Amino acid sequence: MNDDTTARNPVRRSARWSGRYLGAAHRFIPAALRQDAAQTARAENVVNAAVCAATAGPMYALAYWLLGLESAAYEILLCSLVMLSAPLVLRASGSVAAAREVFLCALFFNFSWLTWHLGGIGAPTASWLITGPVVAMFLGGMISAGFWLAMSCASATLIYTLQAHGGVPAAPATDMPLLHLVCDLGLYVVVLAFVALFELSKNEGFSRLRQALATINELAIRDELTGAHNRRFVLDLVDKEKERSDRSGSEFCLCLFDLDHFKRINDSYGHGAGDAVLRAFADAARGQIRACDAFGRYGGEEFLLLLPETPSTDALALAERIRGVVESLRCTVGEGVGASTIGATVSVGVAEYRLGEPVAHTIVRADEALYQAKSSGRNRVLCHGADRRGAGAAAAALPVAELAPAPGTATGAAAGALAPQDQAQRDQLTGLLHRRLLRDRLRHAMERSNRNRRPLALLLLNINRFREINETFGQAQGDALLTQAGMAIRRCLRDCDTVARWGGDEFVALLEDLVVEADAQTVAGKILDRFNTPLLVDGRECTVTLAVGVALYPAPDCDVDALLERADIAMRAARGWGANIVRVYSTQCADLRTGRRDGGGPVAFPFGERQALKEDLRDALAQGQLFLEYQPQVELRNRRVIGVEALLRWRHPEYGRVEPGRFIALAEESGMIVPVGDWVLRAACLQNRAWHAAGLPEVKTAVNLSARQLKEPGMAARVLEILDETGMPPACLELEITEGMLIEDLGANRAVVELLRQAGVQVSLDDFGTGYSSLNYLCELPVNVLKMDGLFVRRLGAAAGRGKAYAIADSVVAMAHRLNLSVIAEAVETVEQLGDLCAMGCDAAQGYLFDRPLAPEQVAALLGRQAREAAALPA
């Protein structure tokens, strides 16, 4: 056995015996108590104290017996038995307080009687009276310790008084110095043993916390289906590798894998077979890479491989080896006669990082290489043409298209300088992709959208009155303007988005992997903002306006042609509304194209009229267009409403009800979020006081705080001023702040939040689990409440994948309780989700299962009904 193993064995043995001891201790703790971390810790300490009494008591009784103090020995054994019964009381009653008081009463009586019996206040056991308050501190906290300290002081005073008046037996005829020594040594040993057991329980609790956090972090970075890293984590690793590469000058490569004909596998054999193929591919790929490499699922059947300190030639060789292994894979699905064997192949695109460039550019080149590999026959490994080195890339037999011209490149001359194959794929005037290649990319993007269940958007952008521009400036200048317009659109998009010239004065932008469909309107608004600045044509300024049509996918009965047609319909509808208008395809757009209008009136308002909303928002506050709704928060233990969350709404005079997702970001951009936020806080506080004045039960009101508000000077003072003006008790206000906002400037933000907390304001950590969920940050963040994001809650209650989803949510609740934080679950919509949350000890919840956001009068009715029901219950 080597030294390292020998050194580890004592640690392993210690951990094994510690685990056995804690396992035995937990048998005395009812399951209901184990749901609460604080109660669990108190219960563990009761068991620890009983163990000390069970081991130390008989030894003390023996020592007293040998010294000739038989009655003292009997009394010690009797009290030890009573103290030893405390865990049994705990198990039977389920009450930590009852078990604690049984133990402390026996302890107090034992040392009070011994002190009196052994001659009074000078007896060696008098100093042991301090053990009562000390043990009470561990078992019940400050209040319990204070009570037993008073009892010990009273006992010592009473014994002294009795001794002064002859009411104490004479000191026994025994070796008193030896008895003093036995008592003192015993005190040291017992205190040390109890503290050691307490430390063992505490360490076990922190160990469980670390394990829960490790579980959360591991599940947060892993793809559930394949076990590979998920997209976000692998992209974080790529960003870190870029930083290291920029510092050291070393190269690295990215390989993008795509399983060939995966849709055909799903359609022919079912999604279960497709999942099996994905798992087999991921296992095979991980078996070929190094420990320093990172492999993750990029989306659908696409995977990304990061190869640190690897040139393109070596990356090609590794990718080719993986391709060969995958080609030989055979997956068997089904059993018996119905079993099928499925083969798979993979196409690979390779790109090498160029120092200083954004990582997105490297990924785009890998994607273009992958596209070329799939277009040239599949089951191939290709490197982007600009990244190949020498002739060593035998697998990279075909050239790969370069990126679109960088901003500032000239027009047709630049396009003409491209390689012949590039020219075949790009518009000769602007250098952008042409419509045939765009259709191909759109088809692949729609397939990915179906697999990833993430929406995409197709934007068709038309330059208004371009014919007039041509007639005014001339055709050459018109061509130059088209090129500038194309580059301006390109600069407004992400590197992973696609832009193409559709023909004439029209451009198409393809936006993939959107988080929500409203993102398309945000991007369209960003493009319109860019065109508010005139373009320069031959030294002269030319103001250009656009009409933008947006078509979203997935959509029913929609293929490539239908999606293009819908974008065209929406664009023409936008053009009918005037300059710089965005329309999202809808049935009203289609009716407008065919000349039909409901009731002969105008069609619905233009979606995403970003600039108009931004300007109207300034008047909304003054004109009373903003209002609040309140979503109840329900305590799960007794199903009563304990608070509400204030939610901002906008009733636009022209557009009607505008969703918060469409105007909150505009308020942030324009700076209106600060006065709007102040109005929300003041209105929510006034409404809370109005409910209270109407005789309704006191409830807490939660108000969201924006990042802009948190950075405002004097933020804490303004909140306290509003509380003072409205008469709102600070304890009734809860400010919701996201993790990212707090951590962005942790020192300054913590100081602001601490001022509010010291004044009595509650602070909750909103959307926990979607940002910086780390134990280190949680320990530092000054918060009272943790709001579990709906991402965790939505996965609960379903049979499929319930184990992992429940484990994650349960870990979040346990971790929060260990940190003395309350937990509120968001987006609870089903009875099954509620059952899981109750089982794991979640404190409160909100969601459509209880109530949708309500008007103030509806909340008043709800609180009134709750008060009447509570009053009707028997006392």
# chains A, B, ... in the order shown; residues from 1 in each chain; ligands from 1

call {"tool": "residues_around", "arguments": {"residues": "Asp513 of chain A", "least_positions_apart": "3", "cutoff": "7 Å", "atoms": "only C-alpha atoms", "output": "list in words"}}
result
Arg454, Pro455 and Leu456 of chain A

call {"tool": "write_last_selection", "arguments": {"atoms": "all heavy atoms", "output": "PDB file, in the first residue's frame"}}
result
ATOM      1  N   ARG A 454     -36.723  26.287 -30.361  1.00  0.00           N
ATOM      2  CA  ARG A 454     -36.416  27.709 -30.194  1.00  0.00           C
ATOM      3  C   ARG A 454     -36.887  28.440 -31.445  1.00  0.00           C
ATOM      4  O   ARG A 454     -36.629  27.989 -32.559  1.00  0.00           O
ATOM      5  CB  ARG A 454     -34.914  27.931 -29.992  1.00  0.00           C
ATOM      6  CG  ARG A 454     -34.323  27.241 -28.775  1.00  0.00           C
ATOM      7  CD  ARG A 454     -34.803  27.873 -27.483  1.00  0.00           C
ATOM      8  NE  ARG A 454     -34.242  29.187 -27.263  1.00  0.00           N
ATOM      9  CZ  ARG A 454     -33.080  29.411 -26.641  1.00  0.00           C
ATOM     10  NH1 ARG A 454     -32.378  28.395 -26.178  1.00  0.00           N
ATOM     11  NH2 ARG A 454     -32.636  30.638 -26.453  1.00  0.00           N
ATOM     12  N   PRO A 455     -37.606  29.563 -31.300  1.00  0.00           N
ATOM     13  CA  PRO A 455     -38.161  30.236 -32.475  1.00  0.00           C
ATOM     14  C   PRO A 455     -37.081  30.897 -33.324  1.00  0.00           C
ATOM     15  O   PRO A 455     -35.987  31.213 -32.854  1.00  0.00           O
ATOM     16  CB  PRO A 455     -39.096  31.282 -31.861  1.00  0.00           C
ATOM     17  CG  PRO A 455     -38.572  31.520 -30.484  1.00  0.00           C
ATOM     18  CD  PRO A 455     -37.977  30.217 -30.037  1.00  0.00           C
ATOM     19  N   LEU A 456     -37.410  31.107 -34.585  1.00  0.00           N
ATOM     20  CA  LEU A 456     -36.583  31.907 -35.485  1.00  0.00           C
ATOM     21  C   LEU A 456     -37.487  32.951 -36.125  1.00  0.00           C
ATOM     22  O   LEU A 456     -38.719  32.835 -36.117  1.00  0.00           O
ATOM     23  CB  LEU A 456     -35.877  31.044 -36.532  1.00  0.00           C
ATOM     24  CG  LEU A 456     -36.705  30.309 -37.585  1.00  0.00           C
ATOM     25  CD1 LEU A 456     -37.098  31.190 -38.760  1.00  0.00           C
ATOM     26  CD2 LEU A 456     -35.910  29.115 -38.123  1.00  0.00           C
TER      27      LEU A 456
END

call {"tool": "residues_around", "arguments": {"residues": "segment 547-564 of chain A", "least_positions_apart": "3", "cutoff": "7 Å", "atoms": "only C-alpha atoms", "output": "ChimeraX atom specification"}}
result
/A:442-443,455-464,567-568,570-571,574-575,579-585

call {"tool": "write_last_selection", "arguments": {"atoms": "N, CA, C and O atoms", "output": "mmCIF file, in the first residue's frame"}}
result
data_model
loop_
_atom_site.group_PDB
_atom_site.id
_atom_site.type_symbol
_atom_site.label_atom_id
_atom_site.label_comp_id
_atom_site.auth_asym_id
_atom_site.auth_seq_id
_atom_site.Cartn_x
_atom_site.Cartn_y
_atom_site.Cartn_z
ATOM 1 N N LEU A 442 -32.223 28.792 -44.800
ATOM 2 C CA LEU A 442 -33.502 28.905 -44.113
ATOM 3 C C LEU A 442 -34.103 27.520 -43.864
ATOM 4 O O LEU A 442 -34.657 27.267 -42.790
ATOM 5 N N ARG A 443 -33.981 26.636 -44.823
ATOM 6 C CA ARG A 443 -34.517 25.290 -44.645
ATOM 7 C C ARG A 443 -33.821 24.586 -43.479
ATOM 8 O O ARG A 443 -34.471 23.978 -42.621
ATOM 9 N N PRO A 455 -37.606 29.563 -31.300
ATOM 10 C CA PRO A 455 -38.161 30.236 -32.475
ATOM 11 C C PRO A 455 -37.081 30.897 -33.324
ATOM 12 O O PRO A 455 -35.987 31.213 -32.854
ATOM 13 N N LEU A 456 -37.410 31.107 -34.585
ATOM 14 C CA LEU A 456 -36.583 31.907 -35.485
ATOM 15 C C LEU A 456 -37.487 32.951 -36.125
ATOM 16 O O LEU A 456 -38.719 32.835 -36.117
ATOM 17 N N ALA A 457 -36.869 33.965 -36.685
ATOM 18 C CA ALA A 457 -37.624 35.033 -37.343
ATOM 19 C C ALA A 457 -36.980 35.351 -38.679
ATOM 20 O O ALA A 457 -35.751 35.326 -38.819
ATOM 21 N N LEU A 458 -37.828 35.642 -39.655
ATOM 22 C CA LEU A 458 -37.374 36.067 -40.979
ATOM 23 C C LEU A 458 -37.817 37.511 -41.168
ATOM 24 O O LEU A 458 -39.013 37.813 -41.106
ATOM 25 N N LEU A 459 -36.857 38.408 -41.360
ATOM 26 C CA LEU A 459 -37.137 39.828 -41.548
ATOM 27 C C LEU A 459 -36.916 40.181 -43.019
ATOM 28 O O LEU A 459 -35.827 39.944 -43.563
ATOM 29 N N LEU A 460 -37.947 40.716 -43.642
ATOM 30 C CA LEU A 460 -37.826 41.214 -45.010
ATOM 31 C C LEU A 460 -37.835 42.733 -44.944
ATOM 32 O O LEU A 460 -38.810 43.341 -44.485
ATOM 33 N N LEU A 461 -36.729 43.363 -45.379
ATOM 34 C CA LEU A 461 -36.547 44.803 -45.240
ATOM 35 C C LEU A 461 -36.542 45.443 -46.626
ATOM 36 O O LEU A 461 -35.743 45.056 -47.504
ATOM 37 N N ASN A 462 -37.414 46.414 -46.804
ATOM 38 C CA ASN A 462 -37.542 47.106 -48.086
ATOM 39 C C ASN A 462 -37.181 48.574 -47.915
ATOM 40 O O ASN A 462 -37.656 49.231 -46.984
ATOM 41 N N ILE A 463 -36.324 49.081 -48.811
ATOM 42 C CA ILE A 463 -35.969 50.501 -48.787
ATOM 43 C C ILE A 463 -37.092 51.276 -49.467
ATOM 44 O O ILE A 463 -37.386 51.057 -50.647
ATOM 45 N N ASN A 464 -37.709 52.172 -48.715
ATOM 46 C CA ASN A 464 -38.827 52.943 -49.267
ATOM 47 C C ASN A 464 -38.347 53.940 -50.321
ATOM 48 O O ASN A 464 -37.297 54.571 -50.162
ATOM 49 N N ALA A 567 -43.468 36.817 -44.675
ATOM 50 C CA ALA A 567 -42.613 37.992 -44.453
ATOM 51 C C ALA A 567 -42.903 39.070 -45.486
ATOM 52 O O ALA A 567 -42.925 40.277 -45.179
ATOM 53 N N ASP A 568 -43.157 38.658 -46.742
ATOM 54 C CA ASP A 568 -43.468 39.612 -47.803
ATOM 55 C C ASP A 568 -44.812 40.298 -47.532
ATOM 56 O O ASP A 568 -44.949 41.513 -47.708
ATOM 57 N N ALA A 570 -46.233 40.778 -44.590
ATOM 58 C CA ALA A 570 -46.044 41.699 -43.464
ATOM 59 C C ALA A 570 -45.292 42.955 -43.892
ATOM 60 O O ALA A 570 -45.615 44.068 -43.447
ATOM 61 N N MET A 571 -44.280 42.788 -44.768
ATOM 62 C CA MET A 571 -43.514 43.946 -45.238
ATOM 63 C C MET A 571 -44.412 44.900 -46.019
ATOM 64 O O MET A 571 -44.351 46.133 -45.848
ATOM 65 N N ALA A 574 -46.541 46.803 -43.693
ATOM 66 C CA ALA A 574 -45.763 47.853 -43.024
ATOM 67 C C ALA A 574 -45.564 49.046 -43.947
ATOM 68 O O ALA A 574 -45.639 50.207 -43.510
ATOM 69 N N ARG A 575 -45.304 48.775 -45.214
ATOM 70 C CA ARG A 575 -45.083 49.863 -46.174
ATOM 71 C C ARG A 575 -46.350 50.712 -46.318
ATOM 72 O O ARG A 575 -46.281 51.916 -46.534
ATOM 73 N N ALA A 579 -43.320 55.338 -43.105
ATOM 74 C CA ALA A 579 -41.880 55.139 -43.018
ATOM 75 C C ALA A 579 -41.499 54.505 -41.687
ATOM 76 O O ALA A 579 -42.100 54.776 -40.650
ATOM 77 N N ASN A 580 -40.458 53.654 -41.759
ATOM 78 C CA ASN A 580 -39.868 53.033 -40.556
ATOM 79 C C ASN A 580 -40.930 52.351 -39.681
ATOM 80 O O ASN A 580 -41.082 52.643 -38.492
ATOM 81 N N ILE A 581 -41.634 51.440 -40.307
ATOM 82 C CA ILE A 581 -42.691 50.688 -39.633
ATOM 83 C C ILE A 581 -42.320 49.206 -39.667
ATOM 84 O O ILE A 581 -41.772 48.707 -40.651
ATOM 85 N N VAL A 582 -42.619 48.519 -38.561
ATOM 86 C CA VAL A 582 -42.410 47.076 -38.479
ATOM 87 C C VAL A 582 -43.771 46.411 -38.328
ATOM 88 O O VAL A 582 -44.584 46.833 -37.496
ATOM 89 N N ARG A 583 -44.018 45.403 -39.124
ATOM 90 C CA ARG A 583 -45.232 44.608 -38.957
ATOM 91 C C ARG A 583 -44.839 43.143 -38.820
ATOM 92 O O ARG A 583 -43.981 42.646 -39.540
ATOM 93 N N VAL A 584 -45.481 42.459 -37.880
ATOM 94 C CA VAL A 584 -45.331 41.018 -37.732
ATOM 95 C C VAL A 584 -46.509 40.363 -38.442
ATOM 96 O O VAL A 584 -47.649 40.824 -38.318
ATOM 97 N N TYR A 585 -46.232 39.311 -39.180
ATOM 98 C CA TYR A 585 -47.286 38.651 -39.943
ATOM 99 C C TYR A 585 -48.427 38.230 -39.022
ATOM 100 O O TYR A 585 -48.223 37.651 -37.946
#

call {"tool": "residues_around", "arguments": {"residues": "Asn532 of chain A", "least_positions_apart": "5", "cutoff": "8 Å", "atoms": "only C-alpha atoms", "output": "list in words"}}
result
Thr543, Val544 and Thr545 of chain A

call {"tool": "residues_around", "arguments": {"residues": "Val699 of chain A", "least_positions_apart": "6", "cutoff": "9 Å", "atoms": "only C-alpha atoms", "output": "PDB file with N, CA and C atoms, in the first residue's frame"}}
result
ATOM      1  N   VAL A 641     -52.827  33.661   1.914  1.00  0.00           N
ATOM      2  CA  VAL A 641     -52.091  34.695   1.181  1.00  0.00           C
ATOM      3  C   VAL A 641     -51.287  35.519   2.178  1.00  0.00           C
ATOM      4  N   ILE A 642     -49.977  35.567   1.969  1.00  0.00           N
ATOM      5  CA  ILE A 642     -49.108  36.325   2.880  1.00  0.00           C
ATOM      6  C   ILE A 642     -48.508  37.550   2.199  1.00  0.00           C
ATOM      7  N   GLY A 643     -48.664  37.649   0.880  1.00  0.00           N
ATOM      8  CA  GLY A 643     -48.091  38.780   0.181  1.00  0.00           C
ATOM      9  C   GLY A 643     -48.561  38.829  -1.258  1.00  0.00           C
ATOM     10  N   VAL A 644     -48.180  39.904  -1.937  1.00  0.00           N
ATOM     11  CA  VAL A 644     -48.487  40.061  -3.361  1.00  0.00           C
ATOM     12  C   VAL A 644     -47.261  40.619  -4.050  1.00  0.00           C
ATOM     13  N   ASN A 688     -51.010  49.159  -0.526  1.00  0.00           N
ATOM     14  CA  ASN A 688     -50.870  48.299   0.652  1.00  0.00           C
ATOM     15  C   ASN A 688     -51.512  48.950   1.872  1.00  0.00           C
ATOM     16  N   TRP A 691     -55.380  48.844   1.659  1.00  0.00           N
ATOM     17  CA  TRP A 691     -55.920  47.561   2.098  1.00  0.00           C
ATOM     18  C   TRP A 691     -55.958  47.490   3.629  1.00  0.00           C
ATOM     19  N   HIS A 692     -54.861  47.932   4.238  1.00  0.00           N
ATOM     20  CA  HIS A 692     -54.783  47.878   5.700  1.00  0.00           C
ATOM     21  C   HIS A 692     -55.835  48.782   6.338  1.00  0.00           C
ATOM     22  N   CYS A 732     -43.191  45.451   5.593  1.00  0.00           N
ATOM     23  CA  CYS A 732     -44.214  45.046   4.622  1.00  0.00           C
ATOM     24  C   CYS A 732     -43.747  45.204   3.187  1.00  0.00           C
TER      25      CYS A 732
END

call {"tool": "residues_around", "arguments": {"residues": "Arg657 of chain A", "least_positions_apart": "3", "cutoff": "12 Å", "atoms": "only C-alpha atoms", "output": "ChimeraX atom specification"}}
result
/A:605,625-627,648-654,660-663

call {"tool": "select_by_dssp", "arguments": {"residues": "segment 127-173 of chain A", "states": "helix (DSSP H, G or I)", "output": "PyMOL selection string"}}
result
chain A and resi 127-140+142-164

call {"tool": "residues_around", "arguments": {"residues": "segment 783-797 of chain A", "least_positions_apart": "4", "cutoff": "6 Å", "atoms": "only C-alpha atoms", "output": "list in words"}}
result
Val763, Ser764, Leu765, Asp766, Asp767, Phe768, Ala805, Leu821, Ser822, Val823, Ile824, Ala825, Glu826, Ala827, Glu832 and Gln833 of chain A

call {"tool": "closest_residue", "arguments": {"among": "A:Ala56, A:Cys542, A:Val752, A:Leu77", "to": "Phe473 of chain A", "atoms": "only C-alpha atoms"}}
result
A:Cys542

call {"tool": "closest_residue", "arguments": {"among": "A:Val102, A:Arg27, A:Cys685, A:Leu259", "to": "Val89 of chain A", "atoms": "only C-alpha atoms"}}
result
A:Val102

call {"tool": "closest_residue", "arguments": {"among": "A:Ile143, A:Leu429, A:Ile737, A:Leu720", "to": "Arg708 of chain A", "atoms": "only C-alpha atoms"}}
result
A:Ile737

call {"tool": "select_by_dssp", "arguments": {"residues": "segment 522-565 of chain A", "states": "strand (DSSP E or B)", "output": "ChimeraX atom specification"}}
result
/A:535-537,540-542,546-553

call {"tool": "write_last_selection", "arguments": {"atoms": "N, CA, C and O atoms", "output": "PDB file, in the first residue's frame"}}
result
ATOM      1  N   LEU A 535     -27.356  58.072 -44.550  1.00  0.00           N
ATOM      2  CA  LEU A 535     -26.219  57.423 -45.192  1.00  0.00           C
ATOM      3  C   LEU A 535     -25.534  58.433 -46.107  1.00  0.00           C
ATOM      4  O   LEU A 535     -26.180  59.337 -46.653  1.00  0.00           O
ATOM      5  N   LEU A 536     -24.224  58.286 -46.288  1.00  0.00           N
ATOM      6  CA  LEU A 536     -23.463  59.182 -47.160  1.00  0.00           C
ATOM      7  C   LEU A 536     -23.326  58.550 -48.542  1.00  0.00           C
ATOM      8  O   LEU A 536     -22.820  57.435 -48.676  1.00  0.00           O
ATOM      9  N   VAL A 537     -23.784  59.267 -49.557  1.00  0.00           N
ATOM     10  CA  VAL A 537     -23.689  58.797 -50.936  1.00  0.00           C
ATOM     11  C   VAL A 537     -22.980  59.883 -51.746  1.00  0.00           C
ATOM     12  O   VAL A 537     -23.516  60.984 -51.917  1.00  0.00           O
ATOM     13  N   ARG A 540     -22.794  63.151 -50.109  1.00  0.00           N
ATOM     14  CA  ARG A 540     -24.062  63.809 -49.795  1.00  0.00           C
ATOM     15  C   ARG A 540     -24.875  62.907 -48.864  1.00  0.00           C
ATOM     16  O   ARG A 540     -24.866  61.681 -48.994  1.00  0.00           O
ATOM     17  N   GLU A 541     -25.579  63.536 -47.923  1.00  0.00           N
ATOM     18  CA  GLU A 541     -26.395  62.765 -46.987  1.00  0.00           C
ATOM     19  C   GLU A 541     -27.695  62.322 -47.641  1.00  0.00           C
ATOM     20  O   GLU A 541     -28.323  63.099 -48.370  1.00  0.00           O
ATOM     21  N   CYS A 542     -28.068  61.078 -47.373  1.00  0.00           N
ATOM     22  CA  CYS A 542     -29.300  60.536 -47.928  1.00  0.00           C
ATOM     23  C   CYS A 542     -30.056  59.827 -46.806  1.00  0.00           C
ATOM     24  O   CYS A 542     -29.564  58.848 -46.234  1.00  0.00           O
ATOM     25  N   LEU A 546     -37.208  52.458 -43.962  1.00  0.00           N
ATOM     26  CA  LEU A 546     -37.445  51.053 -44.267  1.00  0.00           C
ATOM     27  C   LEU A 546     -38.875  50.660 -43.922  1.00  0.00           C
ATOM     28  O   LEU A 546     -39.514  51.274 -43.065  1.00  0.00           O
ATOM     29  N   ALA A 547     -39.334  49.632 -44.596  1.00  0.00           N
ATOM     30  CA  ALA A 547     -40.533  48.906 -44.190  1.00  0.00           C
ATOM     31  C   ALA A 547     -40.082  47.481 -43.875  1.00  0.00           C
ATOM     32  O   ALA A 547     -39.423  46.844 -44.704  1.00  0.00           O
ATOM     33  N   VAL A 548     -40.402  47.011 -42.678  1.00  0.00           N
ATOM     34  CA  VAL A 548     -39.884  45.716 -42.229  1.00  0.00           C
ATOM     35  C   VAL A 548     -41.049  44.771 -41.960  1.00  0.00           C
ATOM     36  O   VAL A 548     -41.953  45.093 -41.175  1.00  0.00           O
ATOM     37  N   GLY A 549     -41.029  43.616 -42.610  1.00  0.00           N
ATOM     38  CA  GLY A 549     -42.002  42.575 -42.354  1.00  0.00           C
ATOM     39  C   GLY A 549     -41.344  41.421 -41.624  1.00  0.00           C
ATOM     40  O   GLY A 549     -40.236  41.007 -41.975  1.00  0.00           O
ATOM     41  N   VAL A 550     -42.005  40.920 -40.591  1.00  0.00           N
ATOM     42  CA  VAL A 550     -41.449  39.849 -39.757  1.00  0.00           C
ATOM     43  C   VAL A 550     -42.371  38.636 -39.827  1.00  0.00           C
ATOM     44  O   VAL A 550     -43.584  38.765 -39.633  1.00  0.00           O
ATOM     45  N   ALA A 551     -41.798  37.493 -40.111  1.00  0.00           N
ATOM     46  CA  ALA A 551     -42.532  36.225 -40.064  1.00  0.00           C
ATOM     47  C   ALA A 551     -41.842  35.311 -39.065  1.00  0.00           C
ATOM     48  O   ALA A 551     -40.608  35.179 -39.088  1.00  0.00           O
ATOM     49  N   LEU A 552     -42.617  34.703 -38.189  1.00  0.00           N
ATOM     50  CA  LEU A 552     -42.071  33.880 -37.117  1.00  0.00           C
ATOM     51  C   LEU A 552     -42.283  32.403 -37.399  1.00  0.00           C
ATOM     52  O   LEU A 552     -43.257  32.012 -38.042  1.00  0.00           O
ATOM     53  N   TYR A 553     -41.349  31.607 -36.908  1.00  0.00           N
ATOM     54  CA  TYR A 553     -41.434  30.150 -37.046  1.00  0.00           C
ATOM     55  C   TYR A 553     -40.945  29.530 -35.730  1.00  0.00           C
ATOM     56  O   TYR A 553     -40.034  30.083 -35.106  1.00  0.00           O
TER      57      TYR A 553
END

call {"tool": "atom_distance", "arguments": {"atom1": "atom CA of Pro308 of chain A", "atom2": "atom CA of Glu320 of chain A"}}
result
17.3 Å

call {"tool": "residues_around", "arguments": {"residues": "Leu755 of chain A", "least_positions_apart": "5", "cutoff": "10 Å", "atoms": "only C-alpha atoms", "output": "PDB file with N, CA, C and O atoms, in the first residue's frame"}}
result
ATOM      1  N   ALA A 716     -31.223  54.133  -1.709  1.00  0.00           N
ATOM      2  CA  ALA A 716     -31.760  53.686  -0.419  1.00  0.00           C
ATOM      3  C   ALA A 716     -32.543  54.806   0.262  1.00  0.00           C
ATOM      4  O   ALA A 716     -33.630  54.578   0.810  1.00  0.00           O
ATOM      5  N   ALA A 717     -31.998  56.024   0.220  1.00  0.00           N
ATOM      6  CA  ALA A 717     -32.686  57.149   0.862  1.00  0.00           C
ATOM      7  C   ALA A 717     -34.032  57.417   0.200  1.00  0.00           C
ATOM      8  O   ALA A 717     -35.015  57.747   0.883  1.00  0.00           O
ATOM      9  N   LEU A 720     -36.601  54.814   1.402  1.00  0.00           N
ATOM     10  CA  LEU A 720     -37.033  55.087   2.770  1.00  0.00           C
ATOM     11  C   LEU A 720     -37.922  56.328   2.833  1.00  0.00           C
ATOM     12  O   LEU A 720     -38.856  56.403   3.637  1.00  0.00           O
ATOM     13  N   ARG A 750     -24.128  45.868  -2.369  1.00  0.00           N
ATOM     14  CA  ARG A 750     -24.347  45.281  -1.047  1.00  0.00           C
ATOM     15  C   ARG A 750     -24.519  46.377   0.006  1.00  0.00           C
ATOM     16  O   ARG A 750     -25.344  46.248   0.916  1.00  0.00           O
ATOM     17  N   GLY A 760     -35.292  47.554   7.901  1.00  0.00           N
ATOM     18  CA  GLY A 760     -36.388  46.598   8.031  1.00  0.00           C
ATOM     19  C   GLY A 760     -36.983  46.124   6.723  1.00  0.00           C
ATOM     20  O   GLY A 760     -37.900  45.299   6.719  1.00  0.00           O
ATOM     21  N   VAL A 761     -36.487  46.648   5.583  1.00  0.00           N
ATOM     22  CA  VAL A 761     -37.003  46.233   4.277  1.00  0.00           C
ATOM     23  C   VAL A 761     -36.502  44.826   3.960  1.00  0.00           C
ATOM     24  O   VAL A 761     -35.321  44.520   4.177  1.00  0.00           O
TER      25      VAL A 761
END
